[in-house]
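Just work.pdb here, PDB, C-alpha atoms:
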MODEL        1
ATOM      1  CA  MET A 824    -151.029  21.530-118.017
ATOM      2  CA  MET A 825    -154.479  20.222-118.844
ATOM      3  CA  LYS A 826    -157.227  21.676-121.023
ATOM      4  CA  ILE A 827    -160.353  21.776-118.830
ATOM      5  CA  THR A 828    -163.939  22.977-119.221
ATOM      6  CA  VAL A 829    -166.108  23.562-116.151
ATOM      7  CA  ILE A 830    -169.823  23.475-116.915
ATOM      8  CA  GLY A 831    -171.726  25.266-114.177
ATOM      9  CA  ALA A 832    -170.220  28.473-112.804
ATOM     10  CA  GLY A 833    -172.090  28.617-109.557
ATOM     11  CA  ALA A 834    -170.148  29.163-106.360
ATOM     12  CA  MET A 835    -168.331  25.835-106.284
ATOM     13  CA  GLY A 836    -167.868  25.551-110.050
ATOM     14  CA  SER A 837    -166.323  29.020-110.078
ATOM     15  CA  VAL A 838    -163.863  28.065-107.338
ATOM     16  CA  TYR A 839    -162.929  24.887-109.216
ATOM     17  CA  ALA A 840    -162.367  26.825-112.436
ATOM     18  CA  GLY A 841    -160.510  29.711-110.832
ATOM     19  CA  LEU A 842    -158.024  27.652-108.853
ATOM     20  CA  LEU A 843    -157.386  25.222-111.705
ATOM     21  CA  ALA A 844    -156.739  28.151-114.072
ATOM     22  CA  ASP A 845    -154.527  29.947-111.557
ATOM     23  CA  ALA A 846    -152.375  26.800-111.395
ATOM     24  CA  GLY A 847    -151.582  27.142-115.096
ATOM     25  CA  ASN A 848    -154.229  24.943-116.707
ATOM     26  CA  ASP A 849    -156.114  26.082-119.813
ATOM     27  CA  VAL A 850    -159.599  26.483-118.320
ATOM     28  CA  ALA A 851    -162.926  27.544-119.779
ATOM     29  CA  VAL A 852    -166.056  28.046-117.711
ATOM     30  CA  VAL A 853    -169.600  27.756-119.067
ATOM     31  CA  ASP A 854    -172.803  29.082-117.511
ATOM     32  CA  LEU A 855    -176.116  30.546-118.625
ATOM     33  CA  TRP A 856    -175.870  33.422-116.104
ATOM     34  CA  GLU A 857    -174.820  36.128-118.546
ATOM     35  CA  ALA A 858    -173.951  38.779-115.949
ATOM     36  CA  HIS A 859    -171.541  36.415-114.206
ATOM     37  CA  ILE A 860    -169.926  35.296-117.451
ATOM     38  CA  ARG A 861    -169.610  38.887-118.657
ATOM     39  CA  ALA A 862    -168.010  40.003-115.366
ATOM     40  CA  ILE A 863    -165.472  37.154-115.530
ATOM     41  CA  SER A 864    -164.661  37.992-119.156
ATOM     42  CA  GLU A 865    -164.240  41.709-118.524
ATOM     43  CA  GLN A 866    -162.726  41.876-115.032
ATOM     44  CA  GLY A 867    -161.631  38.354-114.136
ATOM     45  CA  LEU A 868    -162.992  36.024-111.466
ATOM     46  CA  HIS A 869    -162.511  37.311-107.915
ATOM     47  CA  ILE A 870    -162.156  34.478-105.381
ATOM     48  CA  ALA A 871    -161.793  35.265-101.683
ATOM     49  CA  GLY A 872    -161.833  33.148 -98.541
ATOM     50  CA  ALA A 873    -160.380  29.770 -97.617
ATOM     51  CA  SER A 874    -158.132  29.471-100.672
ATOM     52  CA  GLY A 875    -156.834  33.032-100.467
ATOM     53  CA  ASP A 876    -157.752  36.254-102.240
ATOM     54  CA  ARG A 877    -157.110  36.395-105.974
ATOM     55  CA  VAL A 878    -158.459  37.663-109.281
ATOM     56  CA  VAL A 879    -158.132  35.063-112.032
ATOM     57  CA  LYS A 880    -158.005  36.664-115.467
ATOM     58  CA  ASN A 881    -156.924  33.769-117.680
ATOM     59  CA  LEU A 882    -160.379  32.147-117.851
ATOM     60  CA  ASP A 883    -162.340  31.741-121.056
ATOM     61  CA  ALA A 884    -165.928  32.430-119.890
ATOM     62  CA  VAL A 885    -168.795  31.618-122.262
ATOM     63  CA  THR A 886    -172.502  30.822-122.228
ATOM     64  CA  ASP A 887    -172.362  28.189-124.972
ATOM     65  CA  THR A 888    -170.042  25.187-125.331
ATOM     66  CA  ALA A 889    -170.283  25.475-129.129
ATOM     67  CA  ARG A 890    -167.715  28.287-128.875
ATOM     68  CA  LEU A 891    -165.103  26.004-127.303
ATOM     69  CA  ASP A 892    -162.667  23.415-128.615
ATOM     70  CA  PRO A 893    -162.496  19.814-127.371
ATOM     71  CA  CYS A 894    -160.664  19.385-124.075
ATOM     72  CA  ASP A 895    -159.001  16.819-121.817
ATOM     73  CA  LEU A 896    -161.417  17.073-118.895
ATOM     74  CA  VAL A 897    -165.002  18.262-118.502
ATOM     75  CA  ILE A 898    -166.104  19.026-114.944
ATOM     76  CA  ILE A 899    -169.868  19.142-114.453
ATOM     77  CA  ALA A 900    -170.544  21.337-111.428
ATOM     78  CA  THR A 901    -174.218  22.141-111.916
ATOM     79  CA  LYS A 902    -176.991  21.348-109.476
ATOM     80  CA  ALA A 903    -178.371  17.837-109.813
ATOM     81  CA  SER A 904    -181.294  19.075-111.906
ATOM     82  CA  GLY A 905    -178.880  20.482-114.490
ATOM     83  CA  VAL A 906    -176.721  17.403-114.987
ATOM     84  CA  ALA A 907    -178.561  16.023-118.019
ATOM     85  CA  ALA A 908    -178.490  19.373-119.829
ATOM     86  CA  ALA A 909    -174.810  19.788-118.952
ATOM     87  CA  ALA A 910    -174.037  16.331-120.347
ATOM     88  CA  ARG A 911    -175.758  17.226-123.611
ATOM     89  CA  ALA A 912    -173.879  20.533-123.740
ATOM     90  CA  ALA A 913    -170.581  18.707-123.220
ATOM     91  CA  ARG A 914    -170.807  16.743-126.472
ATOM     92  CA  PRO A 915    -168.895  19.296-128.637
ATOM     93  CA  LEU A 916    -166.058  19.212-126.103
ATOM     94  CA  LEU A 917    -165.381  15.501-126.287
ATOM     95  CA  ARG A 918    -162.633  13.504-127.920
ATOM     96  CA  ASP A 919    -162.424   9.747-127.510
ATOM     97  CA  ASP A 920    -160.167  10.199-124.475
ATOM     98  CA  THR A 921    -161.914  13.177-122.843
ATOM     99  CA  LEU A 922    -162.859  12.452-119.236
ATOM    100  CA  VAL A 923    -166.086  13.751-117.685
ATOM    101  CA  LEU A 924    -166.045  14.310-113.923
ATOM    102  CA  THR A 925    -169.327  15.095-112.196
ATOM    103  CA  ILE A 926    -169.425  16.524-108.661
ATOM    104  CA  GLN A 927    -172.951  16.850-107.246
ATOM    105  CA  ASN A 928    -174.962  16.195-104.122
ATOM    106  CA  GLY A 929    -177.329  13.245-104.038
ATOM    107  CA  LEU A 930    -177.615  10.133-106.158
ATOM    108  CA  GLY A 931    -177.962   9.468-109.851
ATOM    109  CA  ALA A 932    -175.659  12.079-111.419
ATOM    110  CA  GLY A 933    -173.515   9.461-113.114
ATOM    111  CA  GLU A 934    -176.525   7.653-114.507
ATOM    112  CA  ARG A 935    -177.963  10.900-115.879
ATOM    113  CA  ILE A 936    -174.665  11.695-117.596
ATOM    114  CA  CYS A 937    -174.503   8.243-119.152
ATOM    115  CA  GLU A 938    -177.881   8.742-120.784
ATOM    116  CA  HIS A 939    -176.124  11.241-123.039
ATOM    117  CA  LEU A 940    -172.406  10.379-122.956
ATOM    118  CA  ALA A 941    -170.292   7.220-123.002
ATOM    119  CA  ALA A 942    -170.062   5.631-119.572
ATOM    120  CA  ALA A 943    -166.491   4.453-120.124
ATOM    121  CA  ASN A 944    -165.018   7.927-119.589
ATOM    122  CA  ALA A 945    -167.220   8.990-116.638
ATOM    123  CA  LEU A 946    -165.695   9.795-113.261
ATOM    124  CA  LEU A 947    -167.605  10.548-110.063
ATOM    125  CA  GLY A 948    -166.618  13.063-107.412
ATOM    126  CA  VAL A 949    -167.691  13.823-103.856
ATOM    127  CA  ALA A 950    -166.896  17.161-102.205
ATOM    128  CA  GLY A 951    -166.778  17.074 -98.415
ATOM    129  CA  GLY A 952    -166.521  20.119 -96.151
ATOM    130  CA  PHE A 953    -166.473  22.311 -99.243
ATOM    131  CA  GLY A 954    -168.525  25.495 -99.144
ATOM    132  CA  ALA A 955    -168.759  28.557-101.324
ATOM    133  CA  SER A 956    -171.158  31.391-102.117
ATOM    134  CA  VAL A 957    -171.626  33.909-104.908
ATOM    135  CA  LYS A 958    -171.283  37.471-103.632
ATOM    136  CA  ALA A 959    -171.881  39.238-106.947
ATOM    137  CA  PRO A 960    -171.356  38.568-110.653
ATOM    138  CA  GLY A 961    -167.710  37.650-111.054
ATOM    139  CA  HIS A 962    -167.115  37.417-107.280
ATOM    140  CA  VAL A 963    -167.296  34.260-105.151
ATOM    141  CA  HIS A 964    -166.365  33.525-101.542
ATOM    142  CA  HIS A 965    -164.714  30.212-100.719
ATOM    143  CA  ASN A 966    -165.908  29.142 -97.269
ATOM    144  CA  GLY A 967    -164.103  25.844 -96.773
ATOM    145  CA  MET A 968    -162.188  23.061 -98.495
ATOM    146  CA  GLU A 969    -161.812  19.766 -96.665
ATOM    147  CA  LEU A 970    -161.558  16.957 -99.212
ATOM    148  CA  ILE A 971    -162.595  16.065-102.756
ATOM    149  CA  ARG A 972    -162.827  12.346-103.502
ATOM    150  CA  ILE A 973    -162.850  11.039-107.061
ATOM    151  CA  GLY A 974    -163.116   7.612-108.635
ATOM    152  CA  GLU A 975    -164.087   5.610-111.684
ATOM    153  CA  MET A 976    -167.840   5.316-112.100
ATOM    154  CA  GLN A 977    -167.380   1.621-112.806
ATOM    155  CA  GLY A 978    -165.058   1.155-109.831
ATOM    156  CA  GLY A 979    -161.400   0.364-109.363
ATOM    157  CA  LEU A 980    -158.307   2.544-109.247
ATOM    158  CA  SER A 981    -156.806   3.736-112.519
ATOM    159  CA  GLU A 982    -153.868   5.748-113.803
ATOM    160  CA  ARG A 983    -156.206   8.342-115.303
ATOM    161  CA  VAL A 984    -157.942   9.004-111.983
ATOM    162  CA  GLU A 985    -154.561   9.445-110.315
ATOM    163  CA  ARG A 986    -153.576  11.838-113.104
ATOM    164  CA  ILE A 987    -156.716  13.943-112.615
ATOM    165  CA  ALA A 988    -156.218  13.933-108.838
ATOM    166  CA  ALA A 989    -152.668  15.236-109.309
ATOM    167  CA  VAL A 990    -153.923  18.158-111.420
ATOM    168  CA  TRP A 991    -156.382  19.131-108.674
ATOM    169  CA  ARG A 992    -153.721  18.801-105.963
ATOM    170  CA  ASP A 993    -151.366  21.048-107.932
ATOM    171  CA  ALA A 994    -154.140  23.670-107.875
ATOM    172  CA  GLY A 995    -154.309  23.580-104.070
ATOM    173  CA  PHE A 996    -157.163  21.145-103.529
ATOM    174  CA  ASN A 997    -157.022  18.267-101.079
ATOM    175  CA  VAL A 998    -157.955  15.349-103.351
ATOM    176  CA  GLN A 999    -157.886  11.590-102.946
ATOM    177  CA  SER A1000    -158.777   8.857-105.410
ATOM    178  CA  TYR A1001    -160.825   5.843-104.329
ATOM    179  CA  ALA A1002    -161.527   2.417-105.744
ATOM    180  CA  ASP A1003    -165.142   2.389-104.457
ATOM    181  CA  ILE A1004    -166.525   5.870-105.030
ATOM    182  CA  GLU A1005    -170.101   4.580-104.677
ATOM    183  CA  GLN A1006    -169.438   3.885-100.991
ATOM    184  CA  LEU A1007    -168.393   7.494-100.436
ATOM    185  CA  ILE A1008    -171.313   8.874-102.436
ATOM    186  CA  TRP A1009    -173.749   6.860-100.325
ATOM    187  CA  GLU A1010    -172.082   7.827 -97.053
ATOM    188  CA  LYS A1011    -172.405  11.515 -97.907
ATOM    189  CA  PHE A1012    -175.913  10.895 -99.244
ATOM    190  CA  ILE A1013    -177.063   9.410 -95.924
ATOM    191  CA  CYS A1014    -175.860  12.553 -94.115
ATOM    192  CA  ASN A1015    -177.459  14.846 -96.698
ATOM    193  CA  VAL A1016    -180.756  12.981 -96.419
ATOM    194  CA  THR A1017    -180.671  13.304 -92.627
ATOM    195  CA  PHE A1018    -180.328  17.069 -92.628
ATOM    196  CA  SER A1019    -181.304  18.588 -95.996
ATOM    197  CA  ALA A1020    -185.084  18.276 -96.120
ATOM    198  CA  PRO A1021    -185.625  18.175 -92.321
ATOM    199  CA  CYS A1022    -183.683  21.401 -91.757
ATOM    200  CA  THR A1023    -185.612  22.946 -94.640
ATOM    201  CA  VAL A1024    -188.994  21.790 -93.327
ATOM    202  CA  PHE A1025    -188.281  22.992 -89.789
ATOM    203  CA  GLY A1026    -186.347  26.101 -90.828
ATOM    204  CA  GLY A1027    -183.448  25.355 -88.508
ATOM    205  CA  THR A1028    -179.717  24.829 -88.491
ATOM    206  CA  ILE A1029    -178.285  21.343 -88.144
ATOM    207  CA  GLY A1030    -177.719  21.916 -84.431
ATOM    208  CA  GLU A1031    -181.233  23.230 -83.884
ATOM    209  CA  VAL A1032    -182.767  20.186 -85.543
ATOM    210  CA  MET A1033    -180.554  17.837 -83.535
ATOM    211  CA  ALA A1034    -181.520  19.597 -80.278
ATOM    212  CA  ASP A1035    -185.273  19.327 -80.910
ATOM    213  CA  PRO A1036    -186.368  15.749 -80.076
ATOM    214  CA  HIS A1037    -189.391  15.917 -82.395
ATOM    215  CA  ALA A1038    -187.472  17.307 -85.372
ATOM    216  CA  TRP A1039    -184.526  14.992 -84.700
ATOM    217  CA  LYS A1040    -186.718  11.892 -84.726
ATOM    218  CA  ILE A1041    -187.857  12.790 -88.229
ATOM    219  CA  ALA A1042    -184.368  13.736 -89.442
ATOM    220  CA  LEU A1043    -182.738  10.626 -88.007
ATOM    221  CA  THR A1044    -185.388   8.319 -89.462
ATOM    222  CA  CYS A1045    -184.854   9.898 -92.887
ATOM    223  CA  GLY A1046    -181.182   8.985 -92.599
ATOM    224  CA  LEU A1047    -181.904   5.481 -91.321
ATOM    225  CA  GLU A1048    -184.198   4.844 -94.274
ATOM    226  CA  ALA A1049    -181.361   5.773 -96.635
ATOM    227  CA  ASP A1050    -178.966   3.576 -94.681
ATOM    228  CA  ALA A1051    -181.338   0.617 -95.001
ATOM    229  CA  VAL A1052    -181.539   1.129 -98.776
ATOM    230  CA  ALA A1053    -177.748   1.277 -99.064
ATOM    231  CA  ARG A1054    -177.330  -2.011 -97.205
ATOM    232  CA  ALA A1055    -180.089  -3.674 -99.227
ATOM    233  CA  SER A1056    -178.293  -2.461-102.360
ATOM    234  CA  SER A1057    -175.005  -4.073-101.238
ATOM    235  CA  ILE A1058    -173.169  -0.784-100.707
ATOM    236  CA  ALA A1059    -170.059  -1.443 -98.591
ATOM    237  CA  LEU A1060    -170.527   1.268 -95.957
ATOM    238  CA  SER A1061    -167.635   1.957 -93.578
ATOM    239  CA  PHE A1062    -169.844   2.112 -90.465
ATOM    240  CA  GLU A1063    -172.332  -0.136 -88.703
ATOM    241  CA  ASP A1064    -174.275   2.429 -86.657
ATOM    242  CA  ALA A1065    -175.853   4.958 -88.999
ATOM    243  CA  GLY A1066    -177.335   6.922 -86.098
ATOM    244  CA  ALA A1067    -173.921   7.469 -84.534
ATOM    245  CA  TYR A1068    -172.466   8.307 -87.953
ATOM    246  CA  VAL A1069    -174.919  11.089 -88.764
ATOM    247  CA  ARG A1070    -174.797  12.446 -85.203
ATOM    248  CA  ALA A1071    -171.017  12.738 -85.451
ATOM    249  CA  PHE A1072    -171.362  14.416 -88.843
ATOM    250  CA  GLY A1073    -173.929  16.918 -87.588
ATOM    251  CA  SER A1074    -172.108  17.716 -84.350
ATOM    252  CA  LYS A1075    -169.139  19.050 -86.342
ATOM    253  CA  MET A1076    -171.252  21.795 -87.951
ATOM    254  CA  PRO A1077    -174.150  22.733 -85.636
ATOM    255  CA  ASN A1078    -174.477  26.233 -87.063
ATOM    256  CA  ALA A1079    -174.608  25.128 -90.674
ATOM    257  CA  ARG A1080    -177.693  25.487 -92.827
ATOM    258  CA  PRO A1081    -177.938  22.923 -95.659
ATOM    259  CA  SER A1082    -177.980  24.271 -99.190
ATOM    260  CA  MET A1083    -181.586  23.141 -99.539
ATOM    261  CA  LEU A1084    -182.644  25.469 -96.730
ATOM    262  CA  LEU A1085    -180.585  28.290 -98.254
ATOM    263  CA  ASP A1086    -182.342  27.693-101.579
ATOM    264  CA  HIS A1087    -185.744  28.036 -99.916
ATOM    265  CA  LEU A1088    -184.730  31.168 -98.029
ATOM    266  CA  ALA A1089    -183.770  32.634-101.415
ATOM    267  CA  GLY A1090    -186.979  31.409-103.075
ATOM    268  CA  ARG A1091    -185.125  28.959-105.349
ATOM    269  CA  PRO A1092    -186.005  25.344-106.202
ATOM    270  CA  SER A1093    -183.710  22.888-104.442
ATOM    271  CA  GLU A1094    -182.081  19.553-105.238
ATOM    272  CA  ILE A1095    -184.815  17.676-103.372
ATOM    273  CA  ASP A1096    -185.330  15.126-106.168
ATOM    274  CA  ALA A1097    -181.691  13.983-105.976
ATOM    275  CA  ILE A1098    -181.542  13.896-102.169
ATOM    276  CA  ASN A1099    -184.548  12.988 -99.995
ATOM    277  CA  GLY A1100    -186.693  12.439-103.074
ATOM    278  CA  MET A1101    -184.275   9.811-104.349
ATOM    279  CA  VAL A1102    -184.602   7.615-101.249
ATOM    280  CA  PRO A1103    -188.100   6.290-102.078
ATOM    281  CA  VAL A1104    -186.989   5.681-105.673
ATOM    282  CA  ALA A1105    -183.946   3.671-104.585
ATOM    283  CA  ALA A1106    -185.983   1.968-101.863
ATOM    284  CA  ALA A1107    -188.530   0.694-104.374
ATOM    285  CA  LYS A1108    -185.735  -0.892-106.425
ATOM    286  CA  ALA A1109    -184.541  -2.679-103.284
ATOM    287  CA  GLY A1110    -188.041  -3.865-102.296
ATOM    288  CA  LEU A1111    -188.308  -1.347 -99.449
ATOM    289  CA  ARG A1112    -190.252   1.812 -98.636
ATOM    290  CA  ALA A1113    -189.093   5.146 -97.240
ATOM    291  CA  PRO A1114    -192.214   6.845 -95.834
ATOM    292  CA  TYR A1115    -190.449   9.566 -93.833
ATOM    293  CA  ASN A1116    -188.533  10.669 -96.907
ATOM    294  CA  GLU A1117    -191.727  10.538 -98.960
ATOM    295  CA  VAL A1118    -193.395  12.958 -96.531
ATOM    296  CA  VAL A1119    -190.562  15.493 -96.174
ATOM    297  CA  THR A1120    -190.050  15.437 -99.940
ATOM    298  CA  ALA A1121    -193.732  16.188-100.490
ATOM    299  CA  ILE A1122    -193.569  19.119 -98.050
ATOM    300  CA  VAL A1123    -190.473  20.578 -99.730
ATOM    301  CA  LYS A1124    -191.943  20.185-103.219
ATOM    302  CA  SER A1125    -195.240  21.725-102.117
ATOM    303  CA  ARG A1126    -193.403  24.797-100.855
ATOM    304  CA  GLU A1127    -191.353  25.017-104.032
ATOM    305  CA  ALA A1128    -194.499  24.998-106.137
ATOM    306  CA  ALA A1129    -195.255  28.415-104.682
ATOM    307  CA  PHE A1130    -191.922  29.876-105.822
ATOM    308  CA  GLY A1131    -193.243  30.259-109.355
TER
ENDMDL
END

Using the file provided, produce a representation of the structure as structure tokens.
Amino acid sequence: MMKITVIGAGAMGSVYAGLLADAGNDVAVVDLWEAHIRAISEQGLHIAGASGDRVVKNLDAVTDTARLDPCDLVIIATKASGVAAAARAARPLLRDDTLVLTIQNGLGAGERICEHLAAANALLGVAGGFGASVKAPGHVHHNGMELIRIGEMQGGLSERVERIAAVWRDAGFNVQSYADIEQLIWEKFICNVTFSAPCTVFGGTIGEVMADPHAWKIALTCGLEADAVARASSIALSFEDAGAYVRAFGSKMPNARPSMLLDHLAGRPSEIDAINGMVPVAAAKAGLRAPYNEVVTAIVKSREAAFG
């Protein structure tokens, strides 16, 4: 059994917390959404979908980490924009050997954590084919669970990563540990960049964007810009043809709508700064430019300015 705190009880964070608690771990979940936290405290967390139908009642649900004791593992499952605040909130939970695992879309989550916490105990995670949605306070639907990849932020395989992976596997997750987690983060990032902002700008599913030659040219070039930055940054990608890679990725889920598009349909700010907006930032460090990503990022941010 492991003592775990999940910071960020959105759809995915709730699934993480619920399944880990149901497997016998001592799990607390932290979120600022009071109605959700209150529902979990009073009635338990209802999880339905890909991982089965269950109500998890042995969760400690709070809005403030100050109410919790130090733990073995902190999982940061917020959106990218909330990572820094989550890292600060995690400080009361840390012992010298407490591990901090962050699972977000985009780039830079590990670096944002390390601005506030020691880098030596930071782990990075990548969730692939993993979807979930919040149906109501205290109720989430688990849409899919393909693979979670975790690794040391500083690279290499370690006993502690294998130990964390085993805890997740015992809770029903498909988890693998990797020596080069940065490669996997960049490979997912290139796919996210290809579809997130373009699908949002054009208001279409992945398949609809791929079928429209005008929209696809923009989407594909966004991905190719990210691919060029990865190679200039000496990331050891597993593929040579980025165009074929993102086409294969998109063809598996033509009816999917990226979370960025779902955010806009709901009138919420997205993770644009950590996805398409991060490509020009990383490009500048590599002596490159990413004009297509600059443009789609500007369009997305302009629309979000109207959300209030």

With all atoms listed in the file as the counted atoms, please give the residues lying no more than 12 Å from Arg914 (chain A), apart from itself and same-chain residues fewer than 3 positions off, as a PyMOL selection string.
chain A and resi 828+830+887-889+891-894+897+907-911+917-919+921-923+936-937+939-941

Report, in Å with one decimal, the straight-line distance from CA of Tyr1115 (chain A) to CA of Ile1058 (chain A).
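Value for the CA of Tyr1115 (chain A)-CA of Ile1058 (chain A) distance: 21.3 Å.
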
Which residues, named as in the file, does the PyMOL selection byres ((chain A and resi 996) around 10) pick out? Answer as a PyMOL selection string.
chain A and resi 839+842-843+874+968-971+988-995+997-999

Have a look at CA of Gln977 (chain A) and CA of Tyr1001 (chain A) and let me know their distance in Å, one decimal.
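Straight-line distance from CA of Gln977 (chain A) to CA of Tyr1001 (chain A) works out to 11.5 Å.
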
What are the centre and the three edge lengths of an axis-aligned box that wraps all atoms of region 865-879 of chain A in the file, given that 8 Å is added to every side, written as JSON and rounded to one decimal in Å?
{"center_x": -160.5, "center_y": 35.7, "center_z": -108.1, "size_x": 23.4, "size_y": 28.4, "size_z": 36.9}

Run the PyMOL selection byres ((chain A and resi 1080-1085) around 6) mentally over the shown coordinates, then write out the matched residues as a ChimeraX atom specification, using the chain letters and numbers from the document.
/A:1019,1023,1028,1079,1086-1088,1093

Residue with smallest distance to Arg861 (chain A) - pool A:Asp883, A:Glu1010, A:Glu938, A:Asp1050, counting only C-alpha atoms:
A:Asp883

Tell me, as a compact mmCIF listing (two decimals) with C-alpha atoms, in the coordinates of the input, which residues lie within 12 Å of Trp1039 (chain A), counting only C-alpha atoms; anything in the same chain fewer than 5 positions away does not count.
# COMPACT_ATOMS: atom_id res chain seq x y z
CA THR A 1017 -180.67 13.30 -92.63
CA PHE A 1018 -180.33 17.07 -92.63
CA ALA A 1020 -185.08 18.28 -96.12
CA PRO A 1021 -185.62 18.18 -92.32
CA CYS A 1022 -183.68 21.40 -91.76
CA VAL A 1024 -188.99 21.79 -93.33
CA PHE A 1025 -188.28 22.99 -89.79
CA GLY A 1027 -183.45 25.36 -88.51
CA THR A 1028 -179.72 24.83 -88.49
CA ILE A 1029 -178.28 21.34 -88.14
CA GLY A 1030 -177.72 21.92 -84.43
CA GLU A 1031 -181.23 23.23 -83.88
CA VAL A 1032 -182.77 20.19 -85.54
CA MET A 1033 -180.55 17.84 -83.54
CA ALA A 1034 -181.52 19.60 -80.28
CA THR A 1044 -185.39 8.32 -89.46
CA CYS A 1045 -184.85 9.90 -92.89
CA GLY A 1046 -181.18 8.98 -92.60
CA LEU A 1047 -181.90 5.48 -91.32
CA GLY A 1066 -177.34 6.92 -86.10
CA VAL A 1069 -174.92 11.09 -88.76
CA ARG A 1070 -174.80 12.45 -85.20
CA GLY A 1073 -173.93 16.92 -87.59

Point-to-point distance from CA of Ala844 (chain A) to CA of Ile898 (chain A), Å rounded to tenths
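We find that CA of Ala844 (chain A) and CA of Ile898 (chain A) lie 13.1 Å from each other.
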
Long-range neighbours of Ala959 (chain A) as a list in words, 12 Å cut-off, all atoms listed in the file, 2 positions minimum in chain
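Here the qualifying residues turn out to be Gly833, Ala834, Trp856, Ala858, His859, Ile860, Arg861, Ala862, Ile863, Leu868, His869, Ile870, Ser956, Val957, Gly961, His962, Val963 and His964 of chain A.
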
Using only C-alpha atoms, pick whichever of A:Gly954, A:Gly1131, A:Gly979, A:Pro1036 has the shortest atom-to-atom distance to Ser837 (chain A).
A:Gly954

Picked residues, the PyMOL selection byres ((chain A and resi 1105) around 10), expected as a ChimeraX atom specification
/A:930-931,1049,1052-1053,1055-1056,1100-1104,1106-1113

Which one is closest to Leu882 (chain A): A:Thr925, A:Asn848, A:Ser1057, A:Ser904? Count all atoms listed in the file.
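Looking only at the distances to Leu882 (chain A), the closest residue turns out to be A:Asn848.
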
Go through A:Gly836, A:Ala884, A:Gln927, A:Ala943 one by one, measure the shortest atom-to-atom distance of each to Arg972 (chain A) using all atoms listed in the file, and give the residue with the smallest value.
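Among the listed residues, A:Gln927 lies closest to Arg972 (chain A).
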
Residue nearest Lys880 (chain A) - candidates A:Ala1089, A:Ala1065, A:Leu896, A:Val850, atoms counted: only C-alpha atoms:
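Smallest distance to Lys880 (chain A) is found for A:Val850.
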
Can you list, as a list in words, every protein, DNA or RNA residue that comes within 8 Å of Asp845 (chain A) when you count only C-alpha atoms, leaving out same-chain residues fewer than 4 positions away?
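Counting only the stated atoms, we get Gly841, Val879, Asn881 and Ala994 of chain A.
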
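The shortest atom-to-atom distance to Ile1004 (chain A), with only C-alpha atoms taken into account, belongs to A:Glu975 out of A:Asp920, A:Asp1035, A:Glu1094, A:Glu975.
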